[in-house]
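What follows is the content of target35.tsv (TSV, N, CA and C atoms).
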chain	number	residue	atom	x	y	z
A	1	MET	N	23.85	-5.65	-46.06
A	1	MET	CA	22.93	-6.74	-45.80
A	1	MET	C	23.65	-7.81	-44.99
A	2	ALA	N	22.97	-8.35	-44.02
A	2	ALA	CA	23.58	-9.37	-43.16
A	2	ALA	C	23.70	-10.68	-43.92
A	3	SER	N	24.47	-11.56	-43.35
A	3	SER	CA	24.73	-12.83	-44.02
A	3	SER	C	23.49	-13.72	-44.08
A	4	ASN	N	22.52	-13.48	-43.21
A	4	ASN	CA	21.32	-14.32	-43.24
A	4	ASN	C	20.22	-13.73	-44.12
A	5	GLY	N	20.49	-12.60	-44.78
A	5	GLY	CA	19.53	-12.03	-45.72
A	5	GLY	C	18.37	-11.30	-45.08
A	6	THR	N	18.56	-10.75	-43.87
A	6	THR	CA	17.45	-10.09	-43.19
A	6	THR	C	17.67	-8.61	-43.00
A	7	CYS	N	18.52	-8.00	-43.79
A	7	CYS	CA	18.76	-6.55	-43.76
A	7	CYS	C	19.24	-6.07	-42.39
A	8	GLY	N	20.18	-6.75	-41.79
A	8	GLY	CA	20.78	-6.29	-40.55
A	8	GLY	C	20.16	-6.84	-39.28
A	9	VAL	N	19.08	-7.56	-39.37
A	9	VAL	CA	18.46	-8.14	-38.18
A	9	VAL	C	19.07	-9.51	-37.94
A	10	HIS	N	19.61	-9.71	-36.76
A	10	HIS	CA	20.25	-10.97	-36.44
A	10	HIS	C	19.20	-11.92	-35.86
A	11	VAL	N	18.89	-12.94	-36.61
A	11	VAL	CA	17.85	-13.89	-36.22
A	11	VAL	C	18.31	-14.73	-35.03
A	12	GLU	N	19.59	-14.98	-34.91
A	12	GLU	CA	20.06	-15.82	-33.81
A	12	GLU	C	19.90	-15.14	-32.45
A	13	ASN	N	19.70	-13.82	-32.42
A	13	ASN	CA	19.50	-13.09	-31.16
A	13	ASN	C	18.02	-12.97	-30.79
A	14	TYR	N	17.14	-13.47	-31.61
A	14	TYR	CA	15.71	-13.36	-31.33
A	14	TYR	C	15.34	-14.27	-30.18
A	15	GLN	N	14.56	-13.73	-29.23
A	15	GLN	CA	14.07	-14.52	-28.10
A	15	GLN	C	12.58	-14.75	-28.28
A	16	PHE	N	12.18	-15.99	-28.22
A	16	PHE	CA	10.79	-16.32	-28.38
A	16	PHE	C	10.01	-15.91	-27.13
A	17	PRO	N	8.73	-15.60	-27.28
A	17	PRO	CA	7.93	-15.25	-26.11
A	17	PRO	C	7.88	-16.39	-25.11
A	18	LEU	N	7.70	-16.04	-23.85
A	18	LEU	CA	7.68	-17.03	-22.78
A	18	LEU	C	6.55	-18.04	-22.96
A	19	ILE	N	5.44	-17.60	-23.52
A	19	ILE	CA	4.29	-18.50	-23.72
A	19	ILE	C	4.62	-19.62	-24.69
A	20	LYS	N	5.56	-19.38	-25.60
A	20	LYS	CA	5.93	-20.42	-26.57
A	20	LYS	C	7.03	-21.33	-26.06
A	21	THR	N	7.87	-20.83	-25.15
A	21	THR	CA	8.99	-21.64	-24.70
A	21	THR	C	8.69	-22.39	-23.40
A	22	LYS	N	8.13	-21.72	-22.42
A	22	LYS	CA	7.84	-22.32	-21.11
A	22	LYS	C	6.40	-21.98	-20.74
A	23	TYR	N	5.49	-22.81	-21.18
A	23	TYR	CA	4.06	-22.52	-21.06
A	23	TYR	C	3.62	-22.36	-19.61
A	24	TRP	N	3.99	-23.29	-18.73
A	24	TRP	CA	3.51	-23.25	-17.34
A	24	TRP	C	4.10	-22.07	-16.58
A	25	LEU	N	5.31	-21.71	-16.88
A	25	LEU	CA	5.90	-20.54	-16.25
A	25	LEU	C	5.16	-19.27	-16.69
A	26	ALA	N	4.75	-19.23	-17.94
A	26	ALA	CA	3.98	-18.10	-18.43
A	26	ALA	C	2.61	-18.03	-17.76
A	27	VAL	N	1.98	-19.18	-17.55
A	27	VAL	CA	0.67	-19.21	-16.89
A	27	VAL	C	0.79	-18.71	-15.45
A	28	VAL	N	1.83	-19.15	-14.73
A	28	VAL	CA	2.04	-18.70	-13.36
A	28	VAL	C	2.33	-17.20	-13.33
A	29	TYR	N	3.14	-16.72	-14.26
A	29	TYR	CA	3.46	-15.30	-14.33
A	29	TYR	C	2.21	-14.47	-14.59
A	30	ILE	N	1.38	-14.89	-15.52
A	30	ILE	CA	0.16	-14.16	-15.84
A	30	ILE	C	-0.80	-14.17	-14.66
A	31	ALA	N	-0.90	-15.30	-13.96
A	31	ALA	CA	-1.78	-15.38	-12.79
A	31	ALA	C	-1.30	-14.45	-11.68
A	32	LEU	N	0.00	-14.41	-11.42
A	32	LEU	CA	0.54	-13.53	-10.39
A	32	LEU	C	0.38	-12.06	-10.76
A	33	MET	N	0.61	-11.74	-12.02
A	33	MET	CA	0.43	-10.36	-12.45
A	33	MET	C	-1.04	-9.94	-12.37
A	34	ALA	N	-1.95	-10.84	-12.73
A	34	ALA	CA	-3.38	-10.51	-12.65
A	34	ALA	C	-3.79	-10.29	-11.20
A	35	LEU	N	-3.27	-11.10	-10.28
A	35	LEU	CA	-3.56	-10.93	-8.87
A	35	LEU	C	-3.01	-9.60	-8.36
A	36	ALA	N	-1.78	-9.26	-8.74
A	36	ALA	CA	-1.18	-8.00	-8.32
A	36	ALA	C	-1.95	-6.80	-8.88
A	37	ILE	N	-2.39	-6.90	-10.13
A	37	ILE	CA	-3.17	-5.82	-10.73
A	37	ILE	C	-4.49	-5.64	-10.01
A	38	PHE	N	-5.17	-6.75	-9.72
A	38	PHE	CA	-6.45	-6.68	-9.03
A	38	PHE	C	-6.29	-6.11	-7.63
A	39	LEU	N	-5.33	-6.64	-6.86
A	39	LEU	CA	-5.14	-6.17	-5.49
A	39	LEU	C	-4.69	-4.71	-5.45
A	40	GLY	N	-3.82	-4.32	-6.35
A	40	GLY	CA	-3.36	-2.94	-6.39
A	40	GLY	C	-4.47	-1.96	-6.73
A	41	THR	N	-5.26	-2.30	-7.71
A	41	THR	CA	-6.37	-1.42	-8.09
A	41	THR	C	-7.44	-1.38	-7.00
A	42	PHE	N	-7.82	-2.53	-6.49
A	42	PHE	CA	-8.85	-2.60	-5.46
A	42	PHE	C	-8.39	-1.91	-4.18
A	43	GLY	N	-7.14	-2.12	-3.78
A	43	GLY	CA	-6.62	-1.47	-2.58
A	43	GLY	C	-6.58	0.03	-2.70
A	44	ASN	N	-6.21	0.53	-3.85
A	44	ASN	CA	-6.18	1.98	-4.04
A	44	ASN	C	-7.57	2.58	-4.11
A	45	ILE	N	-8.54	1.84	-4.62
A	45	ILE	CA	-9.92	2.33	-4.61
A	45	ILE	C	-10.41	2.43	-3.16
A	46	ILE	N	-10.07	1.44	-2.33
A	46	ILE	CA	-10.46	1.51	-0.92
A	46	ILE	C	-9.79	2.71	-0.23
A	47	ILE	N	-8.52	2.95	-0.51
A	47	ILE	CA	-7.82	4.10	0.07
A	47	ILE	C	-8.48	5.40	-0.37
A	48	LEU	N	-8.87	5.50	-1.64
A	48	LEU	CA	-9.55	6.71	-2.12
A	48	LEU	C	-10.88	6.93	-1.41
A	49	VAL	N	-11.67	5.86	-1.26
A	49	VAL	CA	-12.97	6.00	-0.60
A	49	VAL	C	-12.80	6.43	0.85
A	50	VAL	N	-11.86	5.80	1.55
A	50	VAL	CA	-11.64	6.15	2.96
A	50	VAL	C	-11.07	7.56	3.09
A	51	SER	N	-10.13	7.94	2.24
A	51	SER	CA	-9.52	9.26	2.33
A	51	SER	C	-10.51	10.37	2.00
A	52	ILE	N	-11.35	10.14	1.03
A	52	ILE	CA	-12.34	11.17	0.69
A	52	ILE	C	-13.40	11.27	1.78
A	53	GLY	N	-13.75	10.15	2.38
A	53	GLY	CA	-14.79	10.15	3.42
A	53	GLY	C	-14.30	10.61	4.77
A	54	ALA	N	-13.01	10.48	5.06
A	54	ALA	CA	-12.48	10.85	6.38
A	54	ALA	C	-12.24	12.35	6.44
A	55	LYS	N	-12.84	12.97	7.42
A	55	LYS	CA	-12.66	14.42	7.58
A	55	LYS	C	-11.69	14.75	8.70
A	56	THR	N	-11.15	13.74	9.40
A	56	THR	CA	-10.27	14.02	10.52
A	56	THR	C	-8.85	14.36	10.08
A	57	THR	N	-8.42	13.92	8.92
A	57	THR	CA	-7.08	14.23	8.42
A	57	THR	C	-7.07	15.66	7.87
A	58	ASN	N	-5.95	16.34	8.07
A	58	ASN	CA	-5.88	17.71	7.54
A	58	ASN	C	-5.91	17.70	6.01
A	59	ARG	N	-6.16	18.84	5.43
A	59	ARG	CA	-6.37	18.94	3.99
A	59	ARG	C	-5.12	18.56	3.21
A	60	VAL	N	-3.96	18.97	3.66
A	60	VAL	CA	-2.71	18.69	2.94
A	60	VAL	C	-2.39	17.20	2.99
A	61	GLY	N	-2.55	16.58	4.16
A	61	GLY	CA	-2.29	15.15	4.28
A	61	GLY	C	-3.25	14.32	3.47
A	62	ARG	N	-4.51	14.71	3.47
A	62	ARG	CA	-5.52	13.97	2.70
A	62	ARG	C	-5.27	14.11	1.20
A	63	SER	N	-4.94	15.30	0.75
A	63	SER	CA	-4.68	15.47	-0.69
A	63	SER	C	-3.42	14.72	-1.11
A	64	PHE	N	-2.43	14.62	-0.22
A	64	PHE	CA	-1.22	13.86	-0.53
A	64	PHE	C	-1.53	12.37	-0.66
A	65	ILE	N	-2.32	11.83	0.25
A	65	ILE	CA	-2.70	10.41	0.19
A	65	ILE	C	-3.54	10.12	-1.04
A	66	ILE	N	-4.45	11.02	-1.37
A	66	ILE	CA	-5.29	10.84	-2.56
A	66	ILE	C	-4.42	10.88	-3.82
A	67	ASN	N	-3.46	11.80	-3.86
A	67	ASN	CA	-2.56	11.90	-5.00
A	67	ASN	C	-1.73	10.62	-5.16
A	68	LEU	N	-1.21	10.09	-4.07
A	68	LEU	CA	-0.44	8.85	-4.14
A	68	LEU	C	-1.30	7.68	-4.59
A	69	ALA	N	-2.54	7.60	-4.09
A	69	ALA	CA	-3.43	6.50	-4.46
A	69	ALA	C	-3.79	6.57	-5.94
A	70	VAL	N	-4.05	7.76	-6.45
A	70	VAL	CA	-4.39	7.90	-7.87
A	70	VAL	C	-3.19	7.55	-8.75
A	71	ALA	N	-2.00	7.99	-8.36
A	71	ALA	CA	-0.80	7.67	-9.13
A	71	ALA	C	-0.53	6.17	-9.12
A	72	ASP	N	-0.64	5.54	-7.96
A	72	ASP	CA	-0.39	4.10	-7.87
A	72	ASP	C	-1.47	3.31	-8.59
A	73	MET	N	-2.71	3.78	-8.53
A	73	MET	CA	-3.79	3.09	-9.23
A	73	MET	C	-3.60	3.18	-10.75
A	74	SER	N	-3.11	4.31	-11.23
A	74	SER	CA	-2.87	4.42	-12.67
A	74	SER	C	-1.75	3.48	-13.10
A	75	ILE	N	-0.76	3.28	-12.27
A	75	ILE	CA	0.30	2.32	-12.59
A	75	ILE	C	-0.25	0.90	-12.59
A	76	SER	N	-1.00	0.54	-11.53
A	76	SER	CA	-1.46	-0.84	-11.42
A	76	SER	C	-2.60	-1.16	-12.38
A	77	ALA	N	-3.35	-0.17	-12.82
A	77	ALA	CA	-4.48	-0.44	-13.71
A	77	ALA	C	-4.14	-0.22	-15.18
A	78	ILE	N	-3.14	0.59	-15.48
A	78	ILE	CA	-2.85	0.91	-16.88
A	78	ILE	C	-1.51	0.33	-17.33
A	79	VAL	N	-0.47	0.53	-16.55
A	79	VAL	CA	0.87	0.14	-16.99
A	79	VAL	C	1.13	-1.36	-16.75
A	80	ASP	N	0.76	-1.87	-15.60
A	80	ASP	CA	1.03	-3.28	-15.29
A	80	ASP	C	0.38	-4.26	-16.27
A	81	PRO	N	-0.85	-4.04	-16.74
A	81	PRO	CA	-1.38	-4.98	-17.73
A	81	PRO	C	-0.57	-5.04	-19.03
A	82	MET	N	0.13	-3.97	-19.36
A	82	MET	CA	0.97	-3.99	-20.56
A	82	MET	C	2.17	-4.90	-20.37
A	83	CYS	N	2.52	-5.19	-19.14
A	83	CYS	CA	3.67	-6.06	-18.85
A	83	CYS	C	3.35	-7.53	-19.12
A	84	ILE	N	2.10	-7.89	-19.16
A	84	ILE	CA	1.71	-9.29	-19.35
A	84	ILE	C	2.02	-9.74	-20.77
A	85	PHE	N	1.78	-8.91	-21.76
A	85	PHE	CA	1.99	-9.31	-23.14
A	85	PHE	C	3.29	-8.91	-23.63
Any chance you could put this one into structure tokens?
Amino acid sequence: MASNGTCGVHVENYQFPLIKTKYWLAVVYIALMALAIFLGTFGNIIILVVSIGAKTTNRVGRSFIINLAVADMSISAIVDPMCIF
């Protein structure tokens, strides 16, 4: 048992969330992340619509662009929001 009575958890190493320590910095961070999430998701949706609608690109190139857009959209729409909290 640790000297502070917390079963091995060192309380002095605990870092408080940014929202509790520096409120305005947290607000700016959340606003920038929300903007990046919106632009990333919206941009990849536009790339998907254009790539699916364009028939001039060869099949391999179009499927590669669609694959990249779906992968990037999943990062910007699913993983990035987890970074905010």
(request) Grab the atom CA of A:Ser74 to atom CA of A:Ile46 distance for me, in Å with one decimal place. (result)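 Taking atom CA of A:Ser74 and atom CA of A:Ile46, their separation equals 14.3 Å.
In this comparison, which uses only C-alpha atoms, the residue of A:Ile78, A:Ala36, A:Ile47, A:Leu18 approaching A:Ser63 most closely is A:Ile47.
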(request) Tell me, in Å to one decimal, how far atom N of A:Ile45 is from atom C of A:Asn58. (result) 19.3 Å
(request) Quote the spacing between atom C of A:Phe16 and atom N of A:Ser76 in Å to one decimal place. (result) 25.2 Å
(request) Might you pull out every residue within 10 Å of A:Gly61, with only C-alpha atoms counted and same-chain residues fewer than 5 positions away left off, and present them as a PyMOL selection string? (result) chain A and resi 51+66-67
(message) Given only C-alpha atoms as the basis, pick out the residue of A:Leu25, A:Val60, A:Met82, A:Ala77 nearest to A:Gly43.
(response)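 Of A:Leu25, A:Val60, A:Met82, A:Ala77, the one nearest A:Gly43 is A:Ala77, counting only C-alpha atoms.
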(request) Determine, counting only N, CA and C atoms, which protein, DNA and RNA residues have an atom within 8 Å of an atom of A:Pro81; residues of the same chain fewer than 5 positions away are not included. Present the result as an NGL selection string. (result) :A and (33-34 or 37 or 75-76)
(message) Here is a test: counting all atoms listed in the file, which residue of A:Val79, A:Leu48, A:Gly53, A:Ala26 is nearest to A:Ile65?
(response)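 Ranked by minimum distance to A:Ile65, first place goes to A:Leu48.
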(message) Can you tell me, as a ChimeraX atom specification, which residues in chain A count as alpha helix (DSSP H) by DSSP?
(response) /A:18-21,23-53,59-74,80-84
I'd like the box whose edges run along x, y and z of the file and which contains every listed atom of stretch 53-64 of chain A, padded by 4 Å per side; could you state its centre and edge lengths in Å, one decimal, as lines of an AutoDock Vina configuration file?
center_x = -8.0
center_y = 14.6
center_z = 4.7
size_x = 21.6
size_y = 16.8
size_z = 19.6
Generate the missing atoms of stretch 27-38 of chain A up to all heavy atoms and report them as a PDB file, keeping the file's coordinate frame.
ATOM      1  N   VAL A  27       1.980 -19.180 -17.550  1.00  0.00           N
ATOM      2  CA  VAL A  27       0.670 -19.210 -16.890  1.00  0.00           C
ATOM      3  C   VAL A  27       0.790 -18.710 -15.450  1.00  0.00           C
ATOM      4  O   VAL A  27      -0.025 -17.907 -14.977  1.00  0.00           O
ATOM      5  CB  VAL A  27       0.062 -20.623 -16.945  1.00  0.00           C
ATOM      6  CG1 VAL A  27      -1.147 -20.739 -16.047  1.00  0.00           C
ATOM      7  CG2 VAL A  27      -0.292 -20.982 -18.377  1.00  0.00           C
ATOM      8  N   VAL A  28       1.830 -19.150 -14.730  1.00  0.00           N
ATOM      9  CA  VAL A  28       2.040 -18.700 -13.360  1.00  0.00           C
ATOM     10  C   VAL A  28       2.330 -17.200 -13.330  1.00  0.00           C
ATOM     11  O   VAL A  28       1.797 -16.466 -12.487  1.00  0.00           O
ATOM     12  CB  VAL A  28       3.192 -19.500 -12.707  1.00  0.00           C
ATOM     13  CG1 VAL A  28       3.614 -18.891 -11.387  1.00  0.00           C
ATOM     14  CG2 VAL A  28       2.789 -20.945 -12.520  1.00  0.00           C
ATOM     15  N   TYR A  29       3.140 -16.720 -14.260  1.00  0.00           N
ATOM     16  CA  TYR A  29       3.460 -15.300 -14.330  1.00  0.00           C
ATOM     17  C   TYR A  29       2.210 -14.470 -14.590  1.00  0.00           C
ATOM     18  O   TYR A  29       1.989 -13.441 -13.941  1.00  0.00           O
ATOM     19  CB  TYR A  29       4.501 -15.072 -15.421  1.00  0.00           C
ATOM     20  CG  TYR A  29       4.841 -13.629 -15.645  1.00  0.00           C
ATOM     21  CD1 TYR A  29       5.625 -12.940 -14.742  1.00  0.00           C
ATOM     22  CD2 TYR A  29       4.372 -12.949 -16.767  1.00  0.00           C
ATOM     23  CE1 TYR A  29       5.934 -11.615 -14.941  1.00  0.00           C
ATOM     24  CE2 TYR A  29       4.677 -11.628 -16.966  1.00  0.00           C
ATOM     25  CZ  TYR A  29       5.460 -10.962 -16.048  1.00  0.00           C
ATOM     26  OH  TYR A  29       5.759  -9.646 -16.242  1.00  0.00           O
ATOM     27  N   ILE A  30       1.380 -14.890 -15.520  1.00  0.00           N
ATOM     28  CA  ILE A  30       0.160 -14.160 -15.840  1.00  0.00           C
ATOM     29  C   ILE A  30      -0.800 -14.170 -14.660  1.00  0.00           C
ATOM     30  O   ILE A  30      -1.422 -13.152 -14.339  1.00  0.00           O
ATOM     31  CB  ILE A  30      -0.490 -14.724 -17.116  1.00  0.00           C
ATOM     32  CG1 ILE A  30       0.373 -14.392 -18.321  1.00  0.00           C
ATOM     33  CG2 ILE A  30      -1.897 -14.195 -17.307  1.00  0.00           C
ATOM     34  CD1 ILE A  30      -0.047 -15.075 -19.598  1.00  0.00           C
ATOM     35  N   ALA A  31      -0.900 -15.300 -13.960  1.00  0.00           N
ATOM     36  CA  ALA A  31      -1.780 -15.380 -12.790  1.00  0.00           C
ATOM     37  C   ALA A  31      -1.300 -14.450 -11.680  1.00  0.00           C
ATOM     38  O   ALA A  31      -2.103 -13.745 -11.053  1.00  0.00           O
ATOM     39  CB  ALA A  31      -1.872 -16.814 -12.295  1.00  0.00           C
ATOM     40  N   LEU A  32       0.000 -14.410 -11.420  1.00  0.00           N
ATOM     41  CA  LEU A  32       0.540 -13.530 -10.390  1.00  0.00           C
ATOM     42  C   LEU A  32       0.380 -12.060 -10.760  1.00  0.00           C
ATOM     43  O   LEU A  32       0.053 -11.225  -9.905  1.00  0.00           O
ATOM     44  CB  LEU A  32       2.002 -13.864 -10.117  1.00  0.00           C
ATOM     45  CG  LEU A  32       2.267 -15.172  -9.383  1.00  0.00           C
ATOM     46  CD1 LEU A  32       3.763 -15.430  -9.285  1.00  0.00           C
ATOM     47  CD2 LEU A  32       1.625 -15.157  -8.008  1.00  0.00           C
ATOM     48  N   MET A  33       0.610 -11.740 -12.020  1.00  0.00           N
ATOM     49  CA  MET A  33       0.430 -10.360 -12.450  1.00  0.00           C
ATOM     50  C   MET A  33      -1.040  -9.940 -12.370  1.00  0.00           C
ATOM     51  O   MET A  33      -1.344  -8.811 -11.968  1.00  0.00           O
ATOM     52  CB  MET A  33       0.947 -10.170 -13.880  1.00  0.00           C
ATOM     53  CG  MET A  33       2.445 -10.120 -13.976  1.00  0.00           C
ATOM     54  SD  MET A  33       3.211  -8.786 -13.055  1.00  0.00           S
ATOM     55  CE  MET A  33       2.570  -7.365 -13.899  1.00  0.00           C
ATOM     56  N   ALA A  34      -1.950 -10.840 -12.730  1.00  0.00           N
ATOM     57  CA  ALA A  34      -3.380 -10.510 -12.650  1.00  0.00           C
ATOM     58  C   ALA A  34      -3.790 -10.290 -11.200  1.00  0.00           C
ATOM     59  O   ALA A  34      -4.565  -9.374 -10.895  1.00  0.00           O
ATOM     60  CB  ALA A  34      -4.205 -11.626 -13.278  1.00  0.00           C
ATOM     61  N   LEU A  35      -3.270 -11.100 -10.280  1.00  0.00           N
ATOM     62  CA  LEU A  35      -3.560 -10.930  -8.870  1.00  0.00           C
ATOM     63  C   LEU A  35      -3.010  -9.600  -8.360  1.00  0.00           C
ATOM     64  O   LEU A  35      -3.690  -8.863  -7.633  1.00  0.00           O
ATOM     65  CB  LEU A  35      -2.981 -12.093  -8.067  1.00  0.00           C
ATOM     66  CG  LEU A  35      -3.225 -12.058  -6.568  1.00  0.00           C
ATOM     67  CD1 LEU A  35      -4.710 -12.242  -6.275  1.00  0.00           C
ATOM     68  CD2 LEU A  35      -2.406 -13.128  -5.885  1.00  0.00           C
ATOM     69  N   ALA A  36      -1.780  -9.260  -8.740  1.00  0.00           N
ATOM     70  CA  ALA A  36      -1.180  -8.000  -8.320  1.00  0.00           C
ATOM     71  C   ALA A  36      -1.950  -6.800  -8.880  1.00  0.00           C
ATOM     72  O   ALA A  36      -2.146  -5.798  -8.189  1.00  0.00           O
ATOM     73  CB  ALA A  36       0.281  -7.942  -8.757  1.00  0.00           C
ATOM     74  N   ILE A  37      -2.390  -6.900 -10.130  1.00  0.00           N
ATOM     75  CA  ILE A  37      -3.170  -5.820 -10.730  1.00  0.00           C
ATOM     76  C   ILE A  37      -4.490  -5.640 -10.010  1.00  0.00           C
ATOM     77  O   ILE A  37      -4.899  -4.517  -9.670  1.00  0.00           O
ATOM     78  CB  ILE A  37      -3.386  -6.091 -12.235  1.00  0.00           C
ATOM     79  CG1 ILE A  37      -2.061  -5.961 -12.978  1.00  0.00           C
ATOM     80  CG2 ILE A  37      -4.438  -5.174 -12.831  1.00  0.00           C
ATOM     81  CD1 ILE A  37      -2.091  -6.528 -14.376  1.00  0.00           C
ATOM     82  N   PHE A  38      -5.170  -6.750  -9.720  1.00  0.00           N
ATOM     83  CA  PHE A  38      -6.450  -6.680  -9.030  1.00  0.00           C
ATOM     84  C   PHE A  38      -6.290  -6.110  -7.630  1.00  0.00           C
ATOM     85  O   PHE A  38      -7.030  -5.201  -7.220  1.00  0.00           O
ATOM     86  CB  PHE A  38      -7.106  -8.063  -8.972  1.00  0.00           C
ATOM     87  CG  PHE A  38      -8.351  -8.087  -8.153  1.00  0.00           C
ATOM     88  CD1 PHE A  38      -9.518  -7.527  -8.641  1.00  0.00           C
ATOM     89  CD2 PHE A  38      -8.363  -8.656  -6.894  1.00  0.00           C
ATOM     90  CE1 PHE A  38     -10.681  -7.532  -7.883  1.00  0.00           C
ATOM     91  CE2 PHE A  38      -9.505  -8.671  -6.124  1.00  0.00           C
ATOM     92  CZ  PHE A  38     -10.673  -8.104  -6.615  1.00  0.00           C
TER      93      PHE A  38
END
